[in-house]
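Take a look at the structure set out below.
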Amino acid sequence: MTLTIEHATQVLRPPTDGLPYLRHDRANELVLDPVAVTLGGDRIAAFEPDAGAAVRIDASGCAVLPGLVDCHTHLPFAGWRAEEYEQKVTGVPYEEIARAGGGIAASARAFAQATDDEVLGQARTLAAEMLATGTTTFEAKTGYGLSVDAEARAVRLGRELGADRVTGLFAHAVPEAYDADTWMDYVDALAASCDVDALDIYVESVAFTNEHLAHLGAIAARERVPLRAHVEQFNANRSVPVALAAGARSVDHLACLHPDDIAPLAGAECAAVLLPGAEFLGAERVAPARELADAGAICVLATDLNPGTSPVSSLPVVIGLAVRRYGWSVREALLACTLNAAWVLGLSDERGSLEVGKRADLVLLDTTVAHLPYRFGRNPVNLVIRDGEVARVRPDAAWRISA
Ligand code: NIG
Ligand code: FE
């Protein structure tokens with residue numbers, strides 16, 4: 001089936017085809033021309049209209065973007081921790097919340113108590129919310145299992161959910177009755193036995209150390225999967241040089257990134273995954289995103305969707321936060337949750353940008369791109385095409401489609 005999208009005001013495209021990623025000092029080269037887009041089956045076929053197309057979409061007044069890519073979520077998880085959020089904002093320290101049984105351990109208990117159907121039901125509802133705000137590709141992580149069996153269950157549920165990538169965050173918190181060194185032996189065994197696309201670790205005073213990060217790097221190399229790492233969220237632990245030496249694909253969070261680590265990270269083939277939802281809702285420090293972009297880092301934005309630090313599923317909200325708090329242009333924000341995010345997941349050869357031959361994942365906004373961060377909190381997505389199929393149409397946009 002051919003489908004043609006006509007009369008768009010803007011269509012976001014890379015400066016040239018075939019780029020695996022685009023460093024952020026070149027984000028202003030992204031093109032926003034008013035071209036037509038024609039899809040043939042599940043692929044982008046041409047940037048010109050097809051008079052004989054079976055389906056025509058009138059995109060007048062719209063911006064057309066590649067489907068958004070959320071490369072850092074903690075789906076699947078069970079329940080929420082809304083009471084903790086109220087405690088946090090009214091001044092109860094995190095350690096106190098954790099001592100009272102809250103934090104990651106609370107989500108692990110909820111995960112253990114929920115049936116597979118309950119976990120998948122909640123995750124599917126969130127995946128539908130994400131699709132409605134333009135996310136056509138997402139990653140899922142384990143990490144709320146906190147036992148060997150429960151972590152393996154999380155991998156299985158991530159696959160059943162249909163996540164495009166499943167990351168083993170086996171080193172998320174140290175389970176009760178273990179110390180971190182001993183638990184790393186189980187992390188090693190899980191990495192060897194589970195079908196995961198990447199490995200991840202949380203480096204922080206309350207979790208794992210830089211030595212554990214280097215150890216996970218060796219495990220990831222052995223398993224031939226990318227290494228990712230949650231680093232510098234609440235404290236500067238100088239984990240970035242360790243992650244770079246271990247060949248990490250991404251370092252995520254970076255709110256407390258040491259200034260001396262900006263240039264080495266920007267020069268490396270390792271993405272800086274920034275999570276402004278967690279920064280904002282957790283009153284964390286703000287990552288040096290302007291400096292990273294100016295220095296030419298491969299910058300990425302993601303939701304960090306999880307029940308603790310970032311119960312946020314919308315990339316348009318994340319874009320709004322990033323533009324305001326990082327001092328980023330709209331092009332910089334869009335690059336960070338399209339092509340560069342697809343690169344983190346090893347998918348940028350077929351997703352993340354509008355190019356002939358790439359997968360037909362597209363989003364129509366009901367405005368130009370400048371409105372996206374400006375009308376903060378509003379969902380401007382009125383139509384989503386995933387894998388060549390119209391996957392979501394807002395009722396007020398139904399008139400745009402004629403077959
Ligand atoms: O990415 N920082 C570690 N992990 C999650 C939050 C986990 C939680 O509080 O449930 C994050 O922010
Ligand atoms: Fe996270």
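Each chain in the structure tokens gets a letter, A, B and so on, in the order shown; residues start at 1 in every chain, and ligands are counted from 1 in the order they appear.
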
Handout entry: Contacts to ligand 1 at 7 Å cut-off (only C-alpha atoms and all ligand atoms) as a PyMOL selection string
Key = chain A and resi 103-104+107+172+202+230+233+278+304+306-310

Practice task
Tell me, as a list in words, which residues lie within 8 Å of segment 368-381 of chain A, counting only C-alpha atoms; anything in the same chain fewer than 2 positions away does not count.
Solution key: Thr9, Gln10, Gly61, Cys62, Ala63, Ala132, Thr133, Gly134, Pro316, Val317, Ile319, Gly320, Leu321, Val323, Arg324, Val330, Val363, Leu364, Leu365, Asp366, Leu383, Val384 and Arg394 of chain A

Would you put the residues from that selection into a file with C-alpha atoms, as a compact mmCIF listing (two decimals), in the first residue's frame?
# COMPACT_ATOMS: atom_id res chain seq x y z
CA THR A 9 4.62 23.04 6.61
CA GLN A 10 7.80 21.37 7.87
CA GLY A 61 -0.18 23.40 9.06
CA CYS A 62 1.66 20.35 10.41
CA ALA A 63 5.26 19.47 11.13
CA ALA A 132 -0.10 8.93 21.62
CA THR A 133 2.71 11.42 22.35
CA GLY A 134 4.76 10.29 19.35
CA PRO A 316 7.11 16.26 24.12
CA VAL A 317 7.13 17.14 27.85
CA ILE A 319 11.55 18.29 24.99
CA GLY A 320 9.79 21.23 26.67
CA LEU A 321 11.89 20.82 29.80
CA VAL A 323 14.59 23.52 25.69
CA ARG A 324 13.85 25.71 28.73
CA VAL A 330 14.13 22.94 19.12
CA VAL A 363 4.62 11.69 13.63
CA LEU A 364 2.42 14.61 12.56
CA LEU A 365 2.27 17.55 14.93
CA ASP A 366 -0.70 19.90 14.60
CA LEU A 383 -1.30 11.33 13.98
CA VAL A 384 1.29 8.55 14.34
CA ARG A 394 -6.55 11.99 17.34

Practice task
Just the residues within 7 Å of Pro15 of chain A, please, counting only C-alpha atoms, with nothing from its chain fewer than 2 positions along; format it as an MDAnalysis selection string.
Solution key: chainID A and resid 13 29:31

Practice task
With a distance cut-off of 12 Å and only C-alpha atoms, select the neighbouring residues of Val242 of chain A, excluding the residue or stretch itself and same-chain residues fewer than 5 positions from it, and output the selection as a PyMOL selection string.
Solution key: chain A and resi 203+209-218+227-229+231+237+247-248+251+261+264-265

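Separating atom CA of Ala112 of chain A from atom CA of Phe208 of chain A is a distance of 22.6 Å.
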
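Nearest residue to ligand 2 among A:Ser147, A:Asn235, A:Thr303, A:Thr115 is A:Thr303, counting only C-alpha atoms and all ligand atoms.
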